[in-house]
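The structure appears right after this line, and notes come after that.
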Amino acid sequence: MQWEIVIGLEVHTQLSTRSKIFSGAATAFGAAPNSQACAVDIALPGVLPVLNHGAVERAIRFGLAVGAKINSPSIFARKNYFYPDLPKGYQISQYELPVVDGGNVKIPVGGDGNEHEKTIRLTRAHLEEDAGKSLHEDFHGMTGIDLNRAGTPLLEIVSEPDMRSSAEAVAFAKTLHSLVRWIDICDGNMQEGSFRCDANVSVRPHGSDKLGTRCEIKNLNSFRFLEKAIDYEARRQMEILEDGGTIRQETRLYDSDKDETRTMRSKEDAQDYRYFPDPDLLPLEISADWINRVRAMLPELPEAKRSSYMAEHGLSAYDAGVLTATREMAGYFESTVKLLPAQAKLCANWIMGEVSGRLHKEALDIAQCPVSPAQLAGLLLSISDGTVSGKTAKDVFDAMWRGECDGNADIIIETKGLKQISDAGEIEQLIDGILAANPQQVADYRNGKEKAFNSLVGQAMKATKGKANPAQVNELLKKKLIE
Amino acid sequence: MLNSSLKQLSALLATKKISSVELTGEFLKRVQALNPNYNAFITVDENMSLAQAQAADAMLASGQAHPLTGIPIAQKDIFCTKGWLTTCGSKMLSNFVSPYDAGVIERFNAAGAVNIGKTNMDEFAMGSSNETSFYGPVKNPWDITAVPGGSSGGSACAVAARMAPAATGTDTGGSIRQPAALCGISGIKPTYGLVSRYGMIAFASSLDQGGPMAKSAEDLALMLNVMAGFDTRDSTSLQRAPEDYARDLARPLQGLRIGLPKEYFVEGMSADVARAVEAAIGEYRKLGAEIVEVSLPNTKLSIPVYYVLAPAEASSNLSRFDGVRYGHRAPEYVDLNDMYQKSRAQGFGAEVKRRILIGTYVLSHGYYDAYYIQAQKLRRLIAQDFAAAFAQCDIIMGPTTPTVAFALGEKSSNPVQMYLSDTYTIATNLAGLPGMSIPAGFGDNNRPVGLHLIGNYFAEAQMLNVAYQYQQVTDWHIRMPDKLIA
């Protein structure tokens with residue numbers, strides 16, 4: 001049977017406020033255990049929550065960025081359950097009336113010529129507080145509780161089940177990851193847990209419009225784990241169904257060491273959270289004025305930029321997506337292409353290739369790139385006007401990266417004598433010499449050995465230390481060999 | 001001096017006729033003599049009280065005094081008080097020394113008042129007789145075999161027996177007014193949001209409100225001047241310009257429209273209470289008030305509505321008492337669940353457990369709509385009744401309680417009978433309105449009767465005026481129990 005995979009994601013993004021969502025304690029990562037937990041976070045008797053408006057503002061920013069409705073009022077509710085790292089015995093979250101209602105996100109899908117955008121609908125996004133951490137390893141026979149994280153503001157973003165493959169789920173997660181950083185509401189640090197995904201996965205016979213029974217896979221904190229967990233889980237479900245079995249609705253955990261998911265708790269064990277409106281917090285009113293102020297401060301969104309990159313610069317959806325991964329990346333691209341408007345594809349290829357590769361290798365952000373957009377544009381201009389070949393340009397780029405000649409491509413090319421030889425006469429002379437010196441290869445080629453041609457080209461390049469214009473070399477060599 | 005008003009005590013302190021250390025010492029002596037029999041205080045700490053009195057004397061000497069500077073005030077053990085055991089009447093918190101002060105305590109400290117001790121109360125403020133306290137019942141100063149009411153029974157007893165000139169209480173369904181009535185003192189539950197709930201251990205957050213308990217309306221006004229005020233740490237606290245609650249005390253009552261809800265006078269009220277209330281209404285007529293009949297048709301639903309909503313909130317509010325971070329933890333357990341179960345089973349008393357169970361039930365999947373949502377709707381109807389009534393009158397009056405103080409043990413095995421003793425007070429909490437009880441004579445067995453006043457939102461100054469004028473022509477509020485057993 002042909003199966004279709006159906007995926008919806010719940011993404012917990014930690015909002016970048018300096019203090020917690022309901023207390024004044026700091027949210028900084030990595031402090032000594034319980035050094036960032038105040039009376040409210042510890043849930044001493046008598047303490048009360050006070051809403052951090054910075055968290056609300058970030059939620060509004062997100063809502064506007066995905067074209068959602070901002071609910072006013074929205075309601076904070078208590079989710080009741082006992083756990084040692086949940087100090088109040090309930091988590092303040094939102095249930096009915098979340099702050100962000102609906103919205104959608106466009107993701108790049110398909111590949112190899114079939115690249116296009118797909119719209120993923122969002123169900124909602126709601127504000128809630130994070131719990132603390134239970135430390136099971138450090139205390140023999142006991143569990144340590146660190147409440148530093150308790151009360152950290154989270155925006156839980158819930159999608160509709162609109163994704164049909166792990167690749168789409170990853171594309172969606174990456175798009176969201178890029179968006180929340182773009183609008184500056186979350187640092188996106190996945191190692192520190194600032195961005196974590198739960199995936200709801202089900203499968204159904206291809207063509208069916210009925211959803212299968214789903215399983216939720218919790219706490220996937222990397223894109224790779226997200227992809228592998230979905231693939232494993234979908235395969236598991238298909239195998240069960242193909243063997244005539246049924247899927248049990250349950251919550252599962254992904255074990256990255258074994259690359260498998262396993263049962264955490266079944267639906268029957270699901271707790272009754274006894275949600276009810278938190279009487280300590282008034283309904284949250286968000287005025288149109290507040291929304292307008294937040295809207296006015298929003299940067300141009302990646303989606304709009306992607307469209308303009310595709311329309312104005314003729315870039316593919318994939319390229320546009322990569323270049324809008326971060327605001328800094330987009331800024332770098334735009335600064336470069338502004339100086340070289342006719343060479344957008346060349347700019348894109350270099351930024352996504354050489355520049356990004358080098359940054360990645362040296363673990364640098366694009367903001368820390370030693371080669372400025374203007375310097376890069378200088379180099380790319382030399383490629384486009386034939387002053388240097390693409391291959392030589394990489395050497396020039398290395399020199400620029402090292403800061404030679406103040407990163408000026410022209411001066412580097414000049415001082416190192418890397419200028420491409422494009423003079424037809426000069427190249428012809430060179431080729432004549434090579435043909436004369438290599439009668440065997442010439443004969444081989446004329447006898448149908450194509451490889452001999454490459455060898456001759458290689459000799460020409462070698463003789464000029466790579467400076468000969470390869471297109472011209474090819475052309476002239478062919479001409480001479482046919483003669 | 002024991003029967004002096006706060007104003008008189010303040011004058012004695014201001015004129016150096018007595019120091020705060022001496023005054024505090026006098027009341028501490030009385031506490032030592034009476035508390036073993038009446039059990040009004042859970043914690044008394046002479047050293048801490050006297051240190052505060054010394055600081056108050058310095059404040060008085062420096063001319064920085066406030067009307068309450070140097071005056072001993074008894075604090076209900078529901079208010080977190082830095083350095084003091086703060087138990088909320090429960091074994092669960094029998095080892096909890098608060099590391100911080102409640103908003104209300106901060107205000108008394110800033111005013112230079114002296115904390116004379118933490119008063120006994122029903123466990124987590126759940127009770128109407130003070131019999132649910134882990135620290136044992138409080139006794140009624142008018143009759144040691146009777147209950148003092150609850151949950152602020154310790155505060156009511158302390159003021160009635162003159163162990164403290166005034167005290168704080170909290171009122172979720174009548175917990176200030178009912179014990180005030182049963183002990184023959186005055187008490188006011190302000191409009192919801194007027195007094196900060198920060199540091200006041202939560203029972204039912206949407207109903208809880210702190211307020212003062214004292215001998216007279218004048219004393220209540222001075223106390224409320226300290227207690228009321230916006231607190232950024234309580235999101236339900238109301239941001240309003242500060243007011244002087246004593247400003248209207250002297251205003252004549254000519255033309256005041258007093259509404260008597262017809263539903264209050266048909267059933268449930270005992271004859272002795274009815275007689276006293278009618279006599280009080282007669283006094284108001286003489287003072288120039290006009291009596292109008294009003295109707296509160298949904299008031300009869302108050303008790304069922306309250307016993308859905310209050311336990312629902314309580315079941316969640318009390319979840320933090322899990323033995324993990326503070327409070328009682330079972331000495332032996334096998335795993336996490338066992339620790340939770342044993343700690344809570346041992347730490348909570350029967351009434352608290354009953355309400356946690358009720359609250360958990362009404363919030364459960366499948367029952368939430370039928371109970372919690374339905375109760376919220378009725379809560380709005382109850383509030384609408386009051387809005388309609390206040391279109392016809394300025395203030396509503398009736399009995400605070402259906403009967404005078406009942407005997408210890410009489411209702412402790414029958415929770416529903418116990419709940420009915422708050423039948424007249426609960427509706428004001430559901431509506432968020434201010435309510436007040438003032439002494440209005442004596443009923444059977446010479447036990448006090450309380451007159452209940454319900455005002456419109458923020459009508460505290462007017463209510464205190466109405467009570468004060470009555471207290472100018474009656475002396476119930478300065479009667480002292482004459483058979484106190486030392």
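Simple scheme: letters A, B, ... for chains in structure tokens order, numbers from 1 for residues in each chain, numbers from 1 for ligands in the order shown.
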Test item: chain B residues at most 6 Å from chain A, counting only C-alpha atoms, as a ChimeraX atom specification: /B:198-202,205-206,235,319-320,363-364
Who sits within 10 Å of Thr232 of chain B, only C-alpha atoms, same chain under 2 positions skipped, as a ChimeraX atom specification: /A:50 /B:103,196,198,229-230,234-239
How would the residues just picked look written out with N, CA and C atoms as an mmCIF file, in the first residue's frame?
data_model
loop_
_atom_site.group_PDB
_atom_site.id
_atom_site.type_symbol
_atom_site.label_atom_id
_atom_site.label_comp_id
_atom_site.auth_asym_id
_atom_site.auth_seq_id
_atom_site.Cartn_x
_atom_site.Cartn_y
_atom_site.Cartn_z
ATOM 1 N N VAL A 50 2.956 38.149 38.120
ATOM 2 C CA VAL A 50 2.694 39.430 37.442
ATOM 3 C C VAL A 50 3.237 39.291 36.018
ATOM 4 N N GLY B 103 2.436 41.992 51.545
ATOM 5 C CA GLY B 103 2.201 43.413 51.282
ATOM 6 C C GLY B 103 1.552 44.100 52.471
ATOM 7 N N SER B 196 -3.918 44.318 49.164
ATOM 8 C CA SER B 196 -3.028 43.421 48.427
ATOM 9 C C SER B 196 -3.124 41.983 48.935
ATOM 10 N N TYR B 198 -0.726 39.944 48.010
ATOM 11 C CA TYR B 198 0.647 39.441 47.947
ATOM 12 C C TYR B 198 1.099 39.007 49.334
ATOM 13 N N GLY B 229 -4.451 49.726 49.449
ATOM 14 C CA GLY B 229 -3.513 50.394 48.546
ATOM 15 C C GLY B 229 -3.020 49.462 47.464
ATOM 16 N N PHE B 230 -2.705 50.037 46.339
ATOM 17 C CA PHE B 230 -2.260 49.295 45.156
ATOM 18 C C PHE B 230 -0.929 48.598 45.408
ATOM 19 N N ASP B 234 0.507 42.222 42.954
ATOM 20 C CA ASP B 234 -0.774 41.519 42.913
ATOM 21 C C ASP B 234 -1.540 42.044 41.699
ATOM 22 N N SER B 235 -1.674 41.192 40.688
ATOM 23 C CA SER B 235 -2.308 41.640 39.433
ATOM 24 C C SER B 235 -3.785 41.959 39.600
ATOM 25 N N THR B 236 -4.395 41.496 40.700
ATOM 26 C CA THR B 236 -5.806 41.799 40.925
ATOM 27 C C THR B 236 -5.966 42.993 41.861
ATOM 28 N N SER B 237 -4.854 43.589 42.242
ATOM 29 C CA SER B 237 -4.904 44.787 43.089
ATOM 30 C C SER B 237 -5.339 45.971 42.225
ATOM 31 N N LEU B 238 -6.151 46.841 42.798
ATOM 32 C CA LEU B 238 -6.708 47.942 42.012
ATOM 33 C C LEU B 238 -5.907 49.216 42.205
ATOM 34 N N GLN B 239 -5.653 49.869 41.075
ATOM 35 C CA GLN B 239 -4.881 51.106 41.121
ATOM 36 C C GLN B 239 -5.855 52.267 41.310
#
Nearby residues (only C-alpha atoms) at most 8 Å from Thr428 of chain B, same-chain spacing under 4 positions excluded, as a PyMOL selection string: chain B and resi 173+432-435+454
Who sits within 9 Å of segment 341-347 of chain A, only C-alpha atoms, same chain under 2 positions skipped, as a ChimeraX atom specification: /A:309,313-315,319,333,336-339,349-352,376-377,380-381,384
Could you write out the selected residues, including C-alpha atoms, as a short mmCIF file (atom, residue, chain, number, x, y, z; two decimals), in the first residue's frame?
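What ended up in part_37.cif:
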data_model
loop_
_atom_site.label_atom_id
_atom_site.label_comp_id
_atom_site.auth_asym_id
_atom_site.auth_seq_id
_atom_site.Cartn_x
_atom_site.Cartn_y
_atom_site.Cartn_z
CA TYR A 309 14.69 37.93 -4.36
CA HIS A 313 16.87 38.82 -8.90
CA GLY A 314 15.55 35.67 -10.50
CA LEU A 315 16.79 33.47 -7.67
CA ASP A 319 18.46 30.21 -2.88
CA PHE A 333 23.38 39.57 0.28
CA THR A 336 26.58 42.83 -2.13
CA VAL A 337 24.00 42.68 -4.87
CA LYS A 338 23.41 46.41 -4.65
CA LEU A 339 26.94 46.91 -6.00
CA ASN A 349 26.32 31.39 -5.22
CA TRP A 350 29.34 32.93 -3.59
CA ILE A 351 27.56 33.89 -0.37
CA MET A 352 25.92 30.49 -0.04
CA LEU A 376 33.21 40.58 -2.01
CA ALA A 377 31.48 42.63 -4.70
CA LEU A 380 32.83 39.14 -8.03
CA LEU A 381 33.16 42.06 -10.43
CA SER A 384 32.18 38.76 -14.14
#
Residues within 7 Å of segment 121-136 of chain A, only C-alpha atoms, excluding chain neighbours under 6 positions, as a PyMOL selection string: chain A and resi 21+85-86+91-94+98-105+142-160+162
Please report, as JSON lines, each residue of segment 207-319 of chain B lying at most 12 Å from segment 78-95 of chain B, together with the nearest pair of atoms and the separation in Å rounded to one decimal; use only C-alpha atoms, and order rows by chain and ascending residue number.
{"residue": "B:Asp208", "atom": "CA", "partner": "B:Ile78", "partner_atom": "CA", "distance": 11.2}
{"residue": "B:Gln209", "atom": "CA", "partner": "B:Ile78", "partner_atom": "CA", "distance": 11.4}
{"residue": "B:Gly210", "atom": "CA", "partner": "B:Phe79", "partner_atom": "CA", "distance": 9.2}
{"residue": "B:Gly211", "atom": "CA", "partner": "B:Phe79", "partner_atom": "CA", "distance": 11.5}
{"residue": "B:Leu318", "atom": "CA", "partner": "B:Met92", "partner_atom": "CA", "distance": 10.3}
{"residue": "B:Ser319", "atom": "CA", "partner": "B:Met92", "partner_atom": "CA", "distance": 11.7}
At a cut-off of 7 Å, using only C-alpha atoms, what residues contact segment 225-242 of chain A? Leave out same-chain residues fewer than 2 positions from it and give the result as a short mmCIF file (atom, residue, chain, number, x, y, z; two decimals) with N, CA and C atoms, in the first residue's frame.
data_model
loop_
_atom_site.label_atom_id
_atom_site.label_comp_id
_atom_site.auth_asym_id
_atom_site.auth_seq_id
_atom_site.Cartn_x
_atom_site.Cartn_y
_atom_site.Cartn_z
N ILE A 5 2.21 10.30 4.89
CA ILE A 5 2.57 10.70 6.25
C ILE A 5 1.95 12.07 6.53
N SER A 166 9.04 14.14 6.42
CA SER A 166 9.96 14.67 7.42
C SER A 166 10.70 15.88 6.86
N ALA A 167 10.93 15.87 5.54
CA ALA A 167 11.63 17.00 4.93
C ALA A 167 10.79 18.27 5.05
N VAL A 170 10.94 19.44 8.62
CA VAL A 170 12.21 20.12 8.89
C VAL A 170 12.21 21.51 8.24
N VAL A 201 2.66 12.68 14.56
CA VAL A 201 2.84 11.92 13.32
C VAL A 201 1.74 10.88 13.19
N SER A 202 1.15 10.82 12.01
CA SER A 202 0.23 9.73 11.69
C SER A 202 0.44 9.35 10.23
N VAL A 203 -0.07 8.20 9.86
CA VAL A 203 0.00 7.80 8.45
C VAL A 203 -1.41 7.38 8.02
N LEU A 220 12.19 17.17 20.56
CA LEU A 220 13.19 16.97 19.52
C LEU A 220 13.96 18.27 19.41
N ASN A 221 15.22 18.25 19.85
CA ASN A 221 15.92 19.52 19.92
C ASN A 221 16.98 19.73 18.85
N SER A 222 16.86 18.99 17.74
CA SER A 222 17.68 19.33 16.58
C SER A 222 16.89 18.96 15.33
N PHE A 223 17.22 19.61 14.22
CA PHE A 223 16.50 19.34 12.97
C PHE A 223 16.75 17.90 12.52
N GLY A 244 -1.66 -5.48 9.79
CA GLY A 244 -3.04 -5.58 10.24
C GLY A 244 -3.28 -5.04 11.64
N GLY A 245 -2.30 -4.42 12.22
CA GLY A 245 -2.45 -3.87 13.56
C GLY A 245 -3.10 -2.50 13.57
N THR A 246 -3.25 -1.96 14.77
CA THR A 246 -3.78 -0.59 14.89
C THR A 246 -2.79 0.25 15.69
N ILE A 247 -2.84 1.54 15.45
CA ILE A 247 -1.94 2.45 16.15
C ILE A 247 -2.61 2.90 17.45
N TYR A 254 11.99 10.09 21.50
CA TYR A 254 12.96 9.66 20.51
C TYR A 254 14.30 9.44 21.19
N SER A 256 18.00 9.14 20.44
CA SER A 256 18.87 9.43 19.30
C SER A 256 20.02 8.42 19.22
N GLU A 260 15.40 5.42 17.51
CA GLU A 260 14.05 4.86 17.55
C GLU A 260 13.19 5.67 18.51
N THR A 261 11.88 5.52 18.34
CA THR A 261 10.98 6.16 19.30
C THR A 261 10.41 5.07 20.18
#
Quick one: residues within 8 Å of Asp122 of chain B, only C-alpha atoms, excluding same-chain residues fewer than 6 positions away - as a PDB file with N, CA and C atoms, in the first residue's frame?
ATOM      1  N   CYS B  88      -0.590  29.245  58.598  1.00  0.00           N
ATOM      2  CA  CYS B  88      -1.919  29.178  57.984  1.00  0.00           C
ATOM      3  C   CYS B  88      -2.787  28.134  58.716  1.00  0.00           C
ATOM      4  N   GLY B  89      -2.484  27.900  59.971  1.00  0.00           N
ATOM      5  CA  GLY B  89      -3.295  26.966  60.769  1.00  0.00           C
ATOM      6  C   GLY B  89      -3.124  25.514  60.380  1.00  0.00           C
ATOM      7  N   SER B 128     -15.600  27.689  59.553  1.00  0.00           N
ATOM      8  CA  SER B 128     -16.430  28.764  60.085  1.00  0.00           C
ATOM      9  C   SER B 128     -16.499  28.703  61.601  1.00  0.00           C
ATOM     10  N   SER B 129     -15.594  27.956  62.204  1.00  0.00           N
ATOM     11  CA  SER B 129     -15.678  27.794  63.652  1.00  0.00           C
ATOM     12  C   SER B 129     -14.302  27.755  64.308  1.00  0.00           C
ATOM     13  N   ASN B 130     -13.268  27.834  63.497  1.00  0.00           N
ATOM     14  CA  ASN B 130     -11.892  27.706  63.967  1.00  0.00           C
ATOM     15  C   ASN B 130     -11.548  26.323  64.499  1.00  0.00           C
ATOM     16  N   GLU B 131     -12.424  25.374  64.240  1.00  0.00           N
ATOM     17  CA  GLU B 131     -12.152  24.021  64.726  1.00  0.00           C
ATOM     18  C   GLU B 131     -11.276  23.221  63.771  1.00  0.00           C
ATOM     19  N   THR B 132     -11.034  23.741  62.562  1.00  0.00           N
ATOM     20  CA  THR B 132     -10.201  22.954  61.633  1.00  0.00           C
ATOM     21  C   THR B 132      -8.713  23.269  61.792  1.00  0.00           C
ATOM     22  N   SER B 133      -8.379  24.196  62.705  1.00  0.00           N
ATOM     23  CA  SER B 133      -6.973  24.532  62.900  1.00  0.00           C
ATOM     24  C   SER B 133      -6.174  23.348  63.415  1.00  0.00           C
ATOM     25  N   PHE B 134      -4.966  23.155  62.846  1.00  0.00           N
ATOM     26  CA  PHE B 134      -4.050  22.140  63.363  1.00  0.00           C
ATOM     27  C   PHE B 134      -3.661  22.472  64.799  1.00  0.00           C
ATOM     28  N   GLY B 150     -15.150  31.565  62.273  1.00  0.00           N
ATOM     29  CA  GLY B 150     -13.911  31.385  61.511  1.00  0.00           C
ATOM     30  C   GLY B 150     -14.089  31.880  60.098  1.00  0.00           C
ATOM     31  N   SER B 151     -13.049  31.946  59.378  1.00  0.00           N
ATOM     32  CA  SER B 151     -11.754  31.385  59.735  1.00  0.00           C
ATOM     33  C   SER B 151     -10.894  32.315  60.588  1.00  0.00           C
ATOM     34  N   SER B 152     -11.200  33.632  60.637  1.00  0.00           N
ATOM     35  CA  SER B 152     -10.344  34.537  61.407  1.00  0.00           C
ATOM     36  C   SER B 152     -10.740  34.526  62.884  1.00  0.00           C
ATOM     37  N   GLY B 153     -10.966  33.343  63.450  1.00  0.00           N
ATOM     38  CA  GLY B 153     -11.434  33.221  64.828  1.00  0.00           C
ATOM     39  C   GLY B 153     -10.415  33.713  65.841  1.00  0.00           C
TER      40      GLY B 153
END
Members of segment 43-177 of chain B assigned strand (DSSP E) by DSSP, as a list in words: Thr43, Pro72, Ile73, Ala74, Gln75, Lys76, Val114, Asn115, Ile116, Gly117, Lys118, Thr119, Ala166, Ala167, Thr168, Gly169, Thr170 and Asp171 of chain B
Residues flagged helix (DSSP H, G or I) by DSSP in segment 212-342 of chain B, as a ChimeraX atom specification: /B:217-227,262-265,271-286,299-320,336-342
Distance of atom CA of Leu418 of chain A from atom CA of Asn469 of chain A, expressed in Å to one decimal place: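 Pair atom CA of Asn469 of chain A / atom CA of Leu418 of chain A returns 11.3 Å.
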Selected residue, from B:Leu464, B:Gly443, B:Ala383, B:Lys300, that lies nearest to Leu420 of chain B when counting only C-alpha atoms: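 Under the stated criterion, the closest residue is B:Lys300.
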